[in-house]
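> My structure is in run.txt, and what it holds is compact mmCIF, C-alpha atoms:
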```txt
# COMPACT_ATOMS: atom_id res chain seq x y z
CA MET A 1 -191.85 -250.73 149.48
CA PHE A 2 -188.86 -249.59 151.52
CA ILE A 3 -187.13 -248.23 148.40
CA ALA A 4 -190.30 -246.39 147.35
CA ALA A 5 -190.67 -244.81 150.80
CA ALA A 6 -187.03 -243.72 150.76
CA ALA A 7 -187.42 -242.21 147.29
CA ILE A 8 -190.47 -240.21 148.36
CA ALA A 9 -188.60 -238.89 151.40
CA VAL A 10 -185.65 -237.84 149.25
CA SER A 11 -188.01 -236.21 146.75
CA ALA A 12 -189.77 -234.25 149.49
CA SER A 13 -186.49 -232.83 150.78
CA ALA A 14 -185.34 -231.98 147.24
CA GLN A 15 -188.51 -230.12 146.19
CA ARG A 16 -187.77 -226.67 147.59
CA THR A 17 -189.16 -224.78 144.60
CA THR A 18 -192.83 -223.78 144.68
CA ILE A 19 -194.43 -224.64 141.33
CA THR A 20 -197.43 -222.99 139.63
CA ALA A 21 -200.70 -224.93 139.61
CA ASN A 22 -200.91 -227.85 137.17
CA LYS A 23 -204.27 -227.58 135.39
CA ALA A 24 -205.97 -230.44 133.56
CA GLY A 25 -204.67 -229.37 130.16
CA ASP A 26 -201.13 -228.58 131.31
CA ASN A 27 -197.92 -230.56 130.82
CA ILE A 28 -199.30 -232.89 128.13
CA TYR A 29 -196.97 -234.22 125.45
CA VAL A 30 -197.14 -236.43 122.35
CA GLY A 31 -194.37 -238.20 120.49
CA ILE A 32 -193.25 -240.92 118.16
CA ASN A 33 -190.48 -243.50 118.53
CA GLY A 34 -188.86 -246.36 116.66
CA GLY A 35 -186.25 -249.06 117.09
CA ALA A 36 -185.99 -252.84 117.38
CA ILE A 37 -186.77 -255.64 119.86
CA THR A 38 -185.22 -259.10 120.27
CA GLY A 39 -185.56 -262.07 122.62
CA LEU A 40 -183.19 -262.25 125.59
CA LYS A 41 -182.97 -266.05 125.61
CA ASN A 42 -183.43 -268.53 122.76
CA ASN A 43 -186.80 -270.25 122.92
CA PHE A 44 -187.30 -270.95 119.22
CA LYS A 45 -187.36 -274.68 119.91
CA ASN A 46 -190.74 -274.13 121.58
CA TYR A 47 -192.03 -273.52 118.09
CA GLY A 48 -190.34 -276.60 116.59
CA LEU A 49 -187.31 -274.63 115.26
CA THR A 50 -183.60 -275.01 115.74
CA ASP A 51 -182.16 -273.84 119.04
CA LYS A 52 -178.72 -273.01 117.70
CA LYS A 53 -179.51 -269.32 117.39
CA ASN A 54 -178.62 -267.27 120.44
CA ALA A 55 -180.14 -264.13 121.88
CA PHE A 56 -180.10 -261.00 119.67
CA SER A 57 -179.93 -263.19 116.55
CA VAL A 58 -183.38 -262.15 115.31
CA PHE A 59 -184.62 -258.54 115.52
CA SER A 60 -188.11 -257.19 114.95
CA PRO A 61 -188.33 -253.51 114.00
CA GLU A 62 -190.86 -251.54 116.02
CA PHE A 63 -192.66 -248.21 115.71
CA GLY A 64 -194.74 -246.49 118.36
CA VAL A 65 -196.61 -243.39 119.46
CA ARG A 66 -196.77 -241.99 122.98
CA VAL A 67 -199.17 -239.61 124.75
CA GLY A 68 -198.45 -238.56 128.31
CA LYS A 69 -198.98 -236.05 131.10
CA ASN A 70 -196.69 -235.02 133.94
CA PHE A 71 -198.72 -234.56 137.11
CA THR A 72 -195.76 -233.28 139.12
CA THR A 73 -192.16 -232.41 138.32
CA VAL A 74 -191.35 -236.06 139.15
CA PHE A 75 -194.32 -238.34 138.43
CA GLY A 76 -196.50 -238.79 135.36
CA LEU A 77 -198.39 -241.26 133.17
CA ALA A 78 -197.89 -242.22 129.53
CA LEU A 79 -199.90 -244.33 127.10
CA ASP A 80 -197.74 -246.27 124.60
CA ALA A 81 -198.90 -248.04 121.44
CA ASN A 82 -196.36 -250.09 119.43
CA LEU A 83 -196.32 -252.12 116.23
CA TYR A 84 -193.74 -254.90 115.71
CA PHE A 85 -192.76 -255.87 112.16
CA ASN A 86 -191.34 -259.12 110.78
CA ALA A 87 -188.14 -258.13 108.99
CA VAL A 88 -186.69 -261.64 108.44
CA LYS A 89 -186.94 -263.05 104.91
CA LYS A 90 -189.85 -265.31 104.19
CA THR A 91 -187.52 -268.26 103.42
CA SER A 92 -185.80 -268.04 106.78
CA PRO A 93 -186.70 -270.69 109.38
CA PHE A 94 -186.58 -267.96 112.00
CA ARG A 95 -189.48 -266.04 110.57
CA LEU A 96 -191.98 -266.44 113.43
CA SER A 97 -194.98 -264.55 111.97
CA LYS A 98 -196.72 -265.16 108.70
CA THR A 99 -197.81 -261.50 108.40
CA PHE A 100 -195.86 -258.28 107.85
CA VAL A 101 -197.02 -256.94 111.23
CA GLN A 102 -195.84 -259.49 113.76
CA GLY A 103 -197.66 -257.99 116.77
CA LEU A 104 -198.82 -254.95 118.66
CA ASP A 105 -199.14 -253.82 122.24
CA VAL A 106 -200.70 -251.00 124.24
CA ASP A 107 -199.14 -250.10 127.60
CA LEU A 108 -200.00 -247.76 130.46
CA LEU A 109 -196.73 -246.59 131.99
CA GLY A 110 -195.86 -244.66 135.09
CA THR A 111 -192.92 -242.26 134.69
CA ALA A 112 -190.51 -240.86 137.27
CA ASN A 113 -187.99 -238.12 136.51
CA LEU A 114 -185.00 -239.31 138.54
CA MET A 115 -183.10 -236.03 138.17
CA ASN A 116 -185.97 -234.02 139.69
CA LEU A 117 -186.63 -236.75 142.26
CA PHE A 118 -183.18 -236.61 143.81
CA ALA A 119 -181.89 -233.12 142.87
CA GLY A 120 -185.09 -231.06 142.80
CA TYR A 121 -186.64 -228.91 140.08
CA LYS A 122 -184.96 -225.57 139.46
CA GLY A 123 -187.77 -223.87 137.54
CA GLU A 124 -187.18 -225.40 134.08
CA PRO A 125 -186.11 -228.81 132.71
CA ARG A 126 -182.43 -229.70 132.67
CA PHE A 127 -180.69 -230.15 129.33
CA PHE A 128 -180.11 -233.85 130.19
CA GLU A 129 -182.51 -235.98 132.23
CA ILE A 130 -182.96 -239.65 133.15
CA ILE A 131 -186.58 -240.83 133.35
CA ALA A 132 -187.61 -244.24 134.67
CA LEU A 133 -190.77 -245.85 133.35
CA GLY A 134 -192.72 -249.01 134.02
CA GLY A 135 -196.19 -250.46 133.77
CA PHE A 136 -198.49 -253.06 132.28
CA GLY A 137 -200.29 -253.54 128.99
CA TRP A 138 -201.82 -255.87 126.43
CA THR A 139 -199.99 -257.65 123.62
CA HIS A 140 -201.43 -259.31 120.53
CA SER A 141 -199.38 -261.52 118.17
CA PHE A 142 -200.43 -262.63 114.69
CA ASN A 143 -200.12 -266.28 113.48
CA ILE A 144 -196.90 -267.42 115.17
CA TYR A 145 -196.64 -270.75 113.35
CA ASN A 146 -198.91 -273.24 115.11
CA VAL A 147 -200.17 -270.60 117.59
CA LYS A 148 -202.93 -268.31 116.34
CA LYS A 149 -204.20 -265.01 117.66
CA VAL A 150 -202.16 -264.90 120.84
CA ASN A 151 -203.06 -262.30 123.48
CA ALA A 152 -200.96 -261.63 126.54
CA ILE A 153 -200.61 -259.43 129.57
CA ASN A 154 -197.23 -257.75 129.42
CA SER A 155 -195.06 -255.65 131.67
CA LYS A 156 -192.53 -253.05 130.55
CA VAL A 157 -189.67 -251.40 132.48
CA GLY A 158 -187.08 -249.05 131.01
CA LEU A 159 -185.10 -245.83 131.16
CA ASP A 160 -185.23 -242.73 128.97
CA PHE A 161 -181.98 -240.84 128.49
CA ALA A 162 -183.51 -237.55 127.38
CA LEU A 163 -182.33 -234.19 126.04
CA ASN A 164 -184.59 -231.12 126.33
CA LEU A 165 -184.09 -228.87 123.30
CA GLY A 166 -185.26 -225.54 121.94
CA GLU A 167 -185.36 -222.06 123.43
CA LYS A 168 -188.45 -222.97 125.49
CA LYS A 169 -187.45 -226.65 125.88
CA ALA A 170 -190.65 -227.75 124.21
CA TRP A 171 -188.91 -230.65 122.41
CA GLN A 172 -187.50 -233.75 124.05
CA VAL A 173 -185.47 -236.45 122.28
CA TYR A 174 -184.49 -239.66 124.02
CA ILE A 175 -182.86 -243.08 123.79
CA GLU A 176 -184.86 -245.78 125.54
CA PRO A 177 -183.57 -249.26 126.48
CA SER A 178 -186.30 -251.42 128.04
CA LEU A 179 -187.38 -254.95 128.92
CA VAL A 180 -190.79 -256.26 127.84
CA TYR A 181 -192.10 -259.32 129.72
CA GLN A 182 -194.98 -261.56 128.62
CA LEU A 183 -196.69 -262.47 131.91
CA GLN A 184 -199.76 -264.42 130.84
CA GLY A 185 -200.93 -265.47 127.38
CA TRP A 186 -204.05 -266.99 125.94
CA GLY A 187 -205.32 -267.84 122.47
CA GLN A 188 -205.59 -270.77 120.07
CA ALA A 189 -203.06 -273.34 118.86
CA ASP A 190 -203.13 -275.58 115.78
CA ILE A 191 -201.76 -279.01 116.68
CA LEU A 192 -201.85 -281.59 113.85
CA GLY A 193 -204.69 -279.68 112.26
CA VAL A 194 -206.76 -279.54 115.42
CA THR A 195 -207.49 -276.13 117.05
CA VAL A 196 -207.06 -276.24 120.81
CA PRO A 197 -206.92 -273.55 123.50
CA TYR A 198 -203.49 -272.04 124.10
CA ASP A 199 -202.31 -271.14 127.60
CA GLY A 200 -199.12 -269.12 127.66
CA GLY A 201 -198.18 -269.86 131.26
CA ASP A 202 -198.34 -268.36 134.72
CA PHE A 203 -197.79 -264.78 135.82
CA LYS A 204 -194.07 -264.45 136.37
CA TYR A 205 -191.10 -262.40 135.28
CA ASP A 206 -189.05 -264.94 133.33
CA VAL A 207 -186.17 -264.12 131.01
CA ARG A 208 -187.51 -266.78 128.64
CA ASN A 209 -190.60 -264.61 128.13
CA ALA A 210 -188.71 -261.31 127.90
CA GLY A 211 -187.61 -259.12 125.03
CA PHE A 212 -185.00 -256.38 124.95
CA SER A 213 -186.08 -253.18 123.16
CA LEU A 214 -183.88 -250.29 122.11
CA LYS A 215 -185.47 -247.29 120.42
CA ALA A 216 -185.17 -243.55 119.94
CA GLY A 217 -188.00 -241.07 120.12
CA VAL A 218 -189.04 -237.44 120.16
CA ASN A 219 -191.77 -235.75 122.22
CA TYR A 220 -193.43 -232.36 121.84
CA LYS A 221 -194.68 -230.69 125.02
CA PHE A 222 -197.73 -228.47 124.54
CA GLY A 223 -197.94 -224.98 126.00
CA THR A 224 -199.27 -224.61 129.53
CA SER A 225 -201.40 -222.06 131.37
CA ASN A 226 -198.27 -220.49 132.89
CA GLY A 227 -197.05 -219.36 129.45
CA THR A 228 -194.29 -221.98 129.07
CA HIS A 229 -194.14 -225.61 127.92
CA ASN A 230 -193.11 -226.97 131.33
CA PHE A 231 -193.60 -226.46 135.04
CA ALA A 232 -192.74 -222.93 136.18
CA LYS A 233 -191.69 -221.42 139.49
CA GLU A 234 -194.32 -219.57 141.50
CA GLN A 235 -193.40 -215.92 142.02
CA LEU A 236 -193.55 -215.72 145.81
CA ARG A 237 -193.39 -212.48 147.79
CA ASP A 238 -192.52 -211.97 151.44
CA GLN A 239 -194.86 -210.20 153.85
CA ALA A 240 -192.80 -206.99 153.91
CA GLU A 241 -193.08 -206.68 150.14
CA ILE A 242 -196.83 -207.37 150.29
CA ASP A 243 -197.27 -204.70 152.97
CA ALA A 244 -195.31 -202.18 150.88
CA LEU A 245 -197.46 -202.89 147.83
CA ASN A 246 -200.66 -202.52 149.88
CA ALA A 247 -199.40 -199.17 151.20
CA LYS A 248 -198.81 -197.97 147.63
CA ILE A 249 -202.29 -199.12 146.61
CA ASN A 250 -203.90 -197.29 149.54
CA ALA A 251 -201.91 -194.12 148.80
CA ALA A 252 -202.96 -194.24 145.15
CA LYS A 253 -206.61 -194.68 146.18
CA ALA A 254 -206.41 -191.71 148.55
CA GLU A 255 -204.84 -189.59 145.82
CA ALA A 256 -207.56 -190.61 143.38
CA ASP A 257 -210.30 -189.76 145.92
CA ALA A 258 -208.73 -186.33 146.55
CA ALA A 259 -208.52 -185.64 142.81
CA LYS A 260 -212.16 -186.68 142.42
CA ALA A 261 -213.26 -184.30 145.20
CA ASP A 262 -211.19 -181.46 143.70
CA ALA A 263 -212.72 -182.05 140.28
CA ALA A 264 -216.23 -181.99 141.80
CA ALA A 265 -215.49 -178.65 143.52
CA LYS A 266 -214.15 -177.16 140.28
CA ASN A 267 -217.20 -178.35 138.35
CA ALA A 268 -219.47 -176.71 140.92
CA LYS A 269 -217.52 -173.44 140.60
CA ILE A 270 -217.73 -173.59 136.81
CA ALA A 271 -221.50 -174.10 137.01
CA GLU A 272 -221.81 -171.13 139.39
CA LEU A 273 -219.80 -168.85 137.11
CA GLN A 274 -221.74 -170.01 134.06
CA LYS A 275 -225.04 -169.17 135.77
CA ALA A 276 -223.77 -165.74 136.75
CA LEU A 277 -222.65 -165.09 133.17
CA ASN A 278 -226.01 -166.15 131.75
CA ASP A 279 -227.85 -163.95 134.23
CA CYS A 280 -225.62 -161.03 133.31
CA MET A 281 -226.13 -161.53 129.59
CA ASN A 282 -229.92 -161.77 129.88
CA LYS A 283 -230.68 -158.79 132.16
CA PRO A 284 -231.16 -155.28 130.71
CA ALA A 285 -228.46 -152.69 131.19
CA ALA A 286 -228.71 -150.72 134.40
CA ALA A 287 -225.31 -149.15 134.56
CA VAL A 288 -224.48 -145.48 134.83
CA VAL A 289 -223.53 -143.83 131.56
CA LYS A 290 -220.28 -141.94 131.77
CA GLN A 291 -220.66 -140.25 128.38
CA GLU A 292 -223.76 -138.13 127.70
CA ARG A 293 -224.30 -139.14 124.11
CA ALA A 294 -227.75 -140.70 124.25
CA ASN A 295 -230.83 -138.59 124.98
CA LEU A 296 -233.20 -141.57 124.76
CA GLN A 297 -233.06 -143.95 127.73
CA PRO A 298 -233.58 -147.42 126.14
CA SER A 299 -230.51 -149.31 124.88
CA VAL A 300 -229.90 -152.77 123.35
CA ILE A 301 -227.21 -155.08 124.80
CA PHE A 302 -225.56 -157.73 122.59
CA LYS A 303 -223.70 -160.96 123.39
CA GLN A 304 -219.96 -161.07 122.82
CA GLY A 305 -219.13 -161.29 119.11
CA LYS A 306 -222.85 -161.21 118.12
CA SER A 307 -224.95 -158.72 116.17
CA VAL A 308 -228.31 -160.43 116.63
CA VAL A 309 -230.87 -158.68 118.86
CA GLU A 310 -231.83 -161.08 121.66
CA ARG A 311 -235.51 -161.51 122.46
CA SER A 312 -234.93 -160.07 125.94
CA GLN A 313 -233.79 -156.78 124.32
CA GLU A 314 -236.73 -156.34 121.92
CA ALA A 315 -238.78 -154.56 124.60
CA ASN A 316 -236.32 -151.65 124.45
CA LEU A 317 -236.74 -151.40 120.68
CA GLU A 318 -240.51 -151.40 121.15
CA MET A 319 -240.13 -148.38 123.45
CA ILE A 320 -238.11 -146.56 120.75
CA ALA A 321 -240.77 -147.42 118.13
CA LYS A 322 -243.52 -146.12 120.43
CA TYR A 323 -241.57 -142.88 120.98
CA MET A 324 -241.24 -142.31 117.21
CA LYS A 325 -244.92 -143.00 116.59
CA ASN A 326 -245.86 -140.50 119.29
CA ASN A 327 -243.40 -137.93 117.85
CA LYS A 328 -244.08 -137.92 114.10
CA ASP A 329 -241.32 -135.42 113.29
CA ALA A 330 -238.63 -137.08 115.39
CA LYS A 331 -235.59 -138.62 113.73
CA ILE A 332 -233.10 -140.81 115.52
CA LYS A 333 -229.50 -141.92 115.18
CA ILE A 334 -228.53 -145.47 116.30
CA SER A 335 -224.92 -145.70 117.48
CA GLY A 336 -223.42 -149.21 117.66
CA TYR A 337 -220.47 -150.14 119.95
CA ALA A 338 -218.26 -153.12 120.68
CA SER A 339 -216.25 -154.10 123.77
CA PRO A 340 -212.42 -153.97 123.50
CA GLU A 341 -211.88 -157.71 122.84
CA GLY A 342 -210.77 -158.60 119.31
CA SER A 343 -209.15 -156.64 116.53
CA LYS A 344 -209.99 -153.04 115.66
CA GLU A 345 -211.32 -153.98 112.21
CA LEU A 346 -213.56 -156.72 113.58
CA ASN A 347 -215.00 -154.46 116.29
CA GLN A 348 -215.72 -151.71 113.77
CA LYS A 349 -217.74 -154.04 111.54
CA LEU A 350 -219.47 -155.54 114.57
CA SER A 351 -220.55 -152.07 115.83
CA GLU A 352 -221.98 -151.21 112.41
CA LYS A 353 -223.92 -154.47 112.18
CA ARG A 354 -225.42 -153.94 115.65
CA ALA A 355 -226.77 -150.51 114.67
CA GLU A 356 -228.15 -151.90 111.39
CA ALA A 357 -229.79 -154.82 113.22
CA CYS A 358 -231.76 -152.40 115.41
CA LYS A 359 -232.83 -150.30 112.41
CA THR A 360 -234.00 -153.41 110.51
CA ILE A 361 -236.34 -154.42 113.35
CA LEU A 362 -237.75 -150.88 113.70
CA VAL A 363 -238.44 -150.70 109.97
CA LYS A 364 -239.74 -154.22 109.32
CA LYS A 365 -241.50 -155.07 112.56
CA TYR A 366 -242.69 -151.68 113.78
CA LYS A 367 -243.11 -150.01 110.36
CA ILE A 368 -240.96 -146.95 111.10
CA ALA A 369 -239.91 -145.11 107.96
CA ALA A 370 -236.29 -145.89 107.10
CA ASP A 371 -235.48 -142.23 106.28
CA ARG A 372 -236.18 -141.31 109.90
CA ILE A 373 -233.33 -143.56 111.11
CA GLN A 374 -229.57 -143.08 110.80
CA THR A 375 -226.98 -145.65 111.85
CA GLU A 376 -223.30 -145.43 112.72
CA GLY A 377 -220.70 -147.87 113.99
CA LEU A 378 -218.29 -146.37 116.50
CA GLY A 379 -216.06 -149.43 117.04
CA ALA A 380 -214.75 -150.62 120.39
CA THR A 381 -215.00 -148.69 123.64
CA ASP A 382 -214.68 -149.29 127.37
CA LYS A 383 -215.74 -145.77 128.35
CA LEU A 384 -219.53 -145.99 128.22
CA PHE A 385 -220.16 -148.34 131.16
CA ASP A 386 -218.26 -149.74 134.15
CA GLU A 387 -219.08 -153.32 133.17
CA VAL A 388 -217.19 -154.42 130.06
CA GLU A 389 -220.10 -156.47 128.69
CA PHE A 390 -222.44 -153.41 128.76
CA ASN A 391 -220.23 -151.71 126.15
CA ARG A 392 -221.53 -154.20 123.55
CA VAL A 393 -224.48 -151.90 123.01
CA ALA A 394 -226.61 -149.84 120.62
CA LEU A 395 -227.66 -146.35 121.88
CA PHE A 396 -230.44 -144.07 120.53
CA ASN A 397 -230.38 -140.27 120.11
CA ASP A 398 -233.19 -138.01 118.92
CA VAL A 399 -231.29 -135.78 116.46
CA THR A 400 -234.19 -133.32 116.15
CA LYS A 401 -233.66 -132.07 119.68
```
Take the structure from the file and write it as structure tokens.

Amino acid sequence: MFIAAAAIAVSASAQRTTITANKAGDNIYVGINGGAITGLKNNFKNYGLTDKKNAFSVFSPEFGVRVGKNFTTVFGLALDANLYFNAVKKTSPFRLSKTFVQGLDVDLLGTANLMNLFAGYKGEPRFFEIIALGGFGWTHSFNIYNVKKVNAINSKVGLDFALNLGEKKAWQVYIEPSLVYQLQGWGQADILGVTVPYDGGDFKYDVRNAGFSLKAGVNYKFGTSNGTHNFAKEQLRDQAEIDALNAKINAAKAEADAAKADAAAKNAKIAELQKALNDCMNKPAAAVVKQERANLQPSVIFKQGKSVVERSQEANLEMIAKYMKNNKDAKIKISGYASPEGSKELNQKLSEKRAEACKTILVKKYKIAADRIQTEGLGATDKLFDEVEFNRVALFNDVTK
């Protein structure tokens, strides 16, 4: 207990790096391993065999899988499952099991990264690490001579000498020496053909019930929520930096609000100008004529680039039609104009079309004889009226006067 308390104190002083949160699915790894296990002290005579063989004289190959999770940069849990195989020839007196698989065990192990415990975590795993592990599990052995179906509580302690590999250090390979103790066993024994209960002994760590295991393994560490395969450093900021960032945010918000207000003011101005333009386009001409060319008062105003008579202008044509019906001998000339915008050729054609558009309505709608109407296009001008838009016009002259 004293050693554990001292280790925790050392770990607390070493952990000066703030780590990102460890979510439930983070820092999980899986792996496989393989090697061999042998007894530390000869106890073959307990099975009626010779006792001349010493420790390490009989090996059992083993193969295992491991699933684990690191809860902190130091401590974690791992679940181990191992199979032990009988590699000694069938004719050998040291063959303890009558089956190919001699036994199996499942262990729950606590892990402690000693490098991080005493030296702290620097933001990513070191290339080389030493990891202590220990815990308890269940062992089952198959048909060990006169003992059948033996189960036991076991305890395992060991060290992993690990290398973290790859650009992201997602792979870990290790060499693991360990001791496996059988603490308490139970099962059945066959003595002189009679099956009796088997009691493997008391709970105790005894070298006579221990095996030495040496194996190599490889683990793969899954990706985590921080974008790596391991624990990552938290990106901390001091208060001065936070205040500076808040000031930038507030300045950006103020600038955005000012731009929004400016855009609203411009939109209102655009709407005002658009309304004024529409009102101007729709009202009849009331400007003073500078050039005395027309002796009939009504005129027809056109929209920019258009030669279609707007409905608002048809009343003026109706007045011309009424004048011609009241004066049966009168003949008129329609003079079309364009404002100065655009090319000379385009304005000439536009002025001609405007005069023809007025004649077409007088002939078709008001039934005025076509031979009483002349048309001419006089191109662009800015001399008729003060307002530019009023120069997009058709004027009427009684040529009989």
> Excluding Ile332 of chain A and any residue of its chain fewer than 5 positions from it, enumerate the residues within 6 Å of it, using only C-alpha atoms, and give them as an mmCIF file with C-alpha atoms, in the frame of the given file.

```cif
data_model
loop_
_atom_site.group_PDB
_atom_site.id
_atom_site.type_symbol
_atom_site.label_atom_id
_atom_site.label_comp_id
_atom_site.auth_asym_id
_atom_site.auth_seq_id
_atom_site.Cartn_x
_atom_site.Cartn_y
_atom_site.Cartn_z
ATOM 1 C CA ILE A 373 -233.330 -143.560 111.110
ATOM 2 C CA ASN A 397 -230.380 -140.270 120.110
ATOM 3 C CA ASP A 398 -233.190 -138.010 118.920
ATOM 4 C CA VAL A 399 -231.290 -135.780 116.460
#
```
> List the neighbours of Lys322 of chain A out to 10 Å using all atoms listed in the file; skip same-chain residues closer than 6 positions along the sequence, and give me the result as a ChimeraX atom specification.
/A:316,366,368
> Can you tell me, as a PyMOL selection string, what residues are no more than 10 Å from Cys358 of chain A when counting all atoms listed in the file, ignoring any on the same chain fewer than 2 positions away?
chain A and resi 300+307-309+314+317+334-336+353-356+360-363+373+375+394-396
> Can you write just those residues out, C-alpha atoms, as a PDB file, keeping the file's coordinate frame?

```pdb
ATOM      1  CA  VAL A 300    -229.900-152.770 123.350  1.00  0.00           C
ATOM      2  CA  SER A 307    -224.950-158.720 116.170  1.00  0.00           C
ATOM      3  CA  VAL A 308    -228.310-160.430 116.630  1.00  0.00           C
ATOM      4  CA  VAL A 309    -230.870-158.680 118.860  1.00  0.00           C
ATOM      5  CA  GLU A 314    -236.730-156.340 121.920  1.00  0.00           C
ATOM      6  CA  LEU A 317    -236.740-151.400 120.680  1.00  0.00           C
ATOM      7  CA  ILE A 334    -228.530-145.470 116.300  1.00  0.00           C
ATOM      8  CA  SER A 335    -224.920-145.700 117.480  1.00  0.00           C
ATOM      9  CA  GLY A 336    -223.420-149.210 117.660  1.00  0.00           C
ATOM     10  CA  LYS A 353    -223.920-154.470 112.180  1.00  0.00           C
ATOM     11  CA  ARG A 354    -225.420-153.940 115.650  1.00  0.00           C
ATOM     12  CA  ALA A 355    -226.770-150.510 114.670  1.00  0.00           C
ATOM     13  CA  GLU A 356    -228.150-151.900 111.390  1.00  0.00           C
ATOM     14  CA  THR A 360    -234.000-153.410 110.510  1.00  0.00           C
ATOM     15  CA  ILE A 361    -236.340-154.420 113.350  1.00  0.00           C
ATOM     16  CA  LEU A 362    -237.750-150.880 113.700  1.00  0.00           C
ATOM     17  CA  VAL A 363    -238.440-150.700 109.970  1.00  0.00           C
ATOM     18  CA  ILE A 373    -233.330-143.560 111.110  1.00  0.00           C
ATOM     19  CA  THR A 375    -226.980-145.650 111.850  1.00  0.00           C
ATOM     20  CA  ALA A 394    -226.610-149.840 120.620  1.00  0.00           C
ATOM     21  CA  LEU A 395    -227.660-146.350 121.880  1.00  0.00           C
ATOM     22  CA  PHE A 396    -230.440-144.070 120.530  1.00  0.00           C
TER      23      PHE A 396
END
```
> Considering all atoms listed in the file, can you say which of A:Leu77, A:Leu163, A:Ile131, A:Ala258 comes closest to Leu108 of chain A?
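Smallest distance to Leu108 of chain A is found for A:Leu77.
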> First collect every listed atom of segment 372-378 of chain A; then fit an axis-aligned box around them, widen it by 4 Å on each side, and give centre and edge lengths in Å to one decimal, as AutoDock Vina command-line options.

```
--center_x -227.2 --center_y -144.6 --center_z 113.2 --size_x 25.9 --size_y 14.6 --size_z 14.6
```
> Go through A:Thr73, A:Ser225, A:Glu387, A:Lys359 one by one, measure the shortest atom-to-atom distance of each to Ala24 of chain A using all atoms listed in the file, and give the residue with the smallest value.
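Of all the options, A:Ser225 lies closest to Ala24 of chain A.
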> Could you tell me how far atom CA of Gln182 of chain A lies from atom CA of Lys156 of chain A, in Å and to one decimal?
9.1 Å
> Go ahead and compute the interatomic distance for atom CA of Lys328 of chain A and atom CA of Arg372 of chain A, in Å to one decimal.
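One can read the atom CA of Lys328 of chain A to atom CA of Arg372 of chain A distance as 9.6 Å.
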> Considering all atoms listed in the file, can you say which of A:Val30, A:Lys331, A:Arg392, A:Met319 comes closest to Glu352 of chain A?
A:Arg392
> Quick one, how far is atom CA of Asp386 of chain A from atom CA of Tyr337 of chain A?
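It comes out at 14.4 Å.
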> Kindly indicate which residue among A:Glu62, A:Val393, A:Ala244, A:Met324 lies nearest to Ser213 of chain A, using only C-alpha atoms for the distances.
A:Glu62
> Taking (-176.7, -231.6, 129.7) in the file's coordinates as the center, which residues reach within 9 Å of it, counting all atoms listed in the file, put as a ChimeraX atom specification?
/A:126-129,163-164
> If we count all atoms listed in the file and set the cut-off at 12 Å, which residues sit around Asn278 of chain A, ignoring sequence neighbours fewer than 4 positions away in its own chain? Please answer as an NGL selection string.
:A and (271-274 or 282-283 or 303-304 or 389)
> Could you list as a PDB file with C-alpha atoms, in the frame of the given file every residue that has an atom within 12 Å of (-199.3, -218.6, 132.4), using the file's coordinates and counting only C-alpha atoms?

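So the final result, stored in selection.pdb, reads:
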```
ATOM      1  CA  ILE A  19    -194.430-224.640 141.330  1.00  0.00           C
ATOM      2  CA  THR A  20    -197.430-222.990 139.630  1.00  0.00           C
ATOM      3  CA  ALA A  21    -200.700-224.930 139.610  1.00  0.00           C
ATOM      4  CA  ASN A  22    -200.910-227.850 137.170  1.00  0.00           C
ATOM      5  CA  LYS A  23    -204.270-227.580 135.390  1.00  0.00           C
ATOM      6  CA  ASP A  26    -201.130-228.580 131.310  1.00  0.00           C
ATOM      7  CA  GLY A 223    -197.940-224.980 126.000  1.00  0.00           C
ATOM      8  CA  THR A 224    -199.270-224.610 129.530  1.00  0.00           C
ATOM      9  CA  SER A 225    -201.400-222.060 131.370  1.00  0.00           C
ATOM     10  CA  ASN A 226    -198.270-220.490 132.890  1.00  0.00           C
ATOM     11  CA  GLY A 227    -197.050-219.360 129.450  1.00  0.00           C
ATOM     12  CA  THR A 228    -194.290-221.980 129.070  1.00  0.00           C
ATOM     13  CA  HIS A 229    -194.140-225.610 127.920  1.00  0.00           C
ATOM     14  CA  ASN A 230    -193.110-226.970 131.330  1.00  0.00           C
ATOM     15  CA  PHE A 231    -193.600-226.460 135.040  1.00  0.00           C
ATOM     16  CA  ALA A 232    -192.740-222.930 136.180  1.00  0.00           C
ATOM     17  CA  LYS A 233    -191.690-221.420 139.490  1.00  0.00           C
ATOM     18  CA  GLU A 234    -194.320-219.570 141.500  1.00  0.00           C
ATOM     19  CA  GLN A 235    -193.400-215.920 142.020  1.00  0.00           C
TER      20      GLN A 235
END
```
> Kindly indicate which residue among A:Phe302, A:Tyr174, A:Tyr121, A:Phe142 lies nearest to Tyr84 of chain A, using all atoms listed in the file for the distances.
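Smallest separation from Tyr84 of chain A among the options: A:Phe142.
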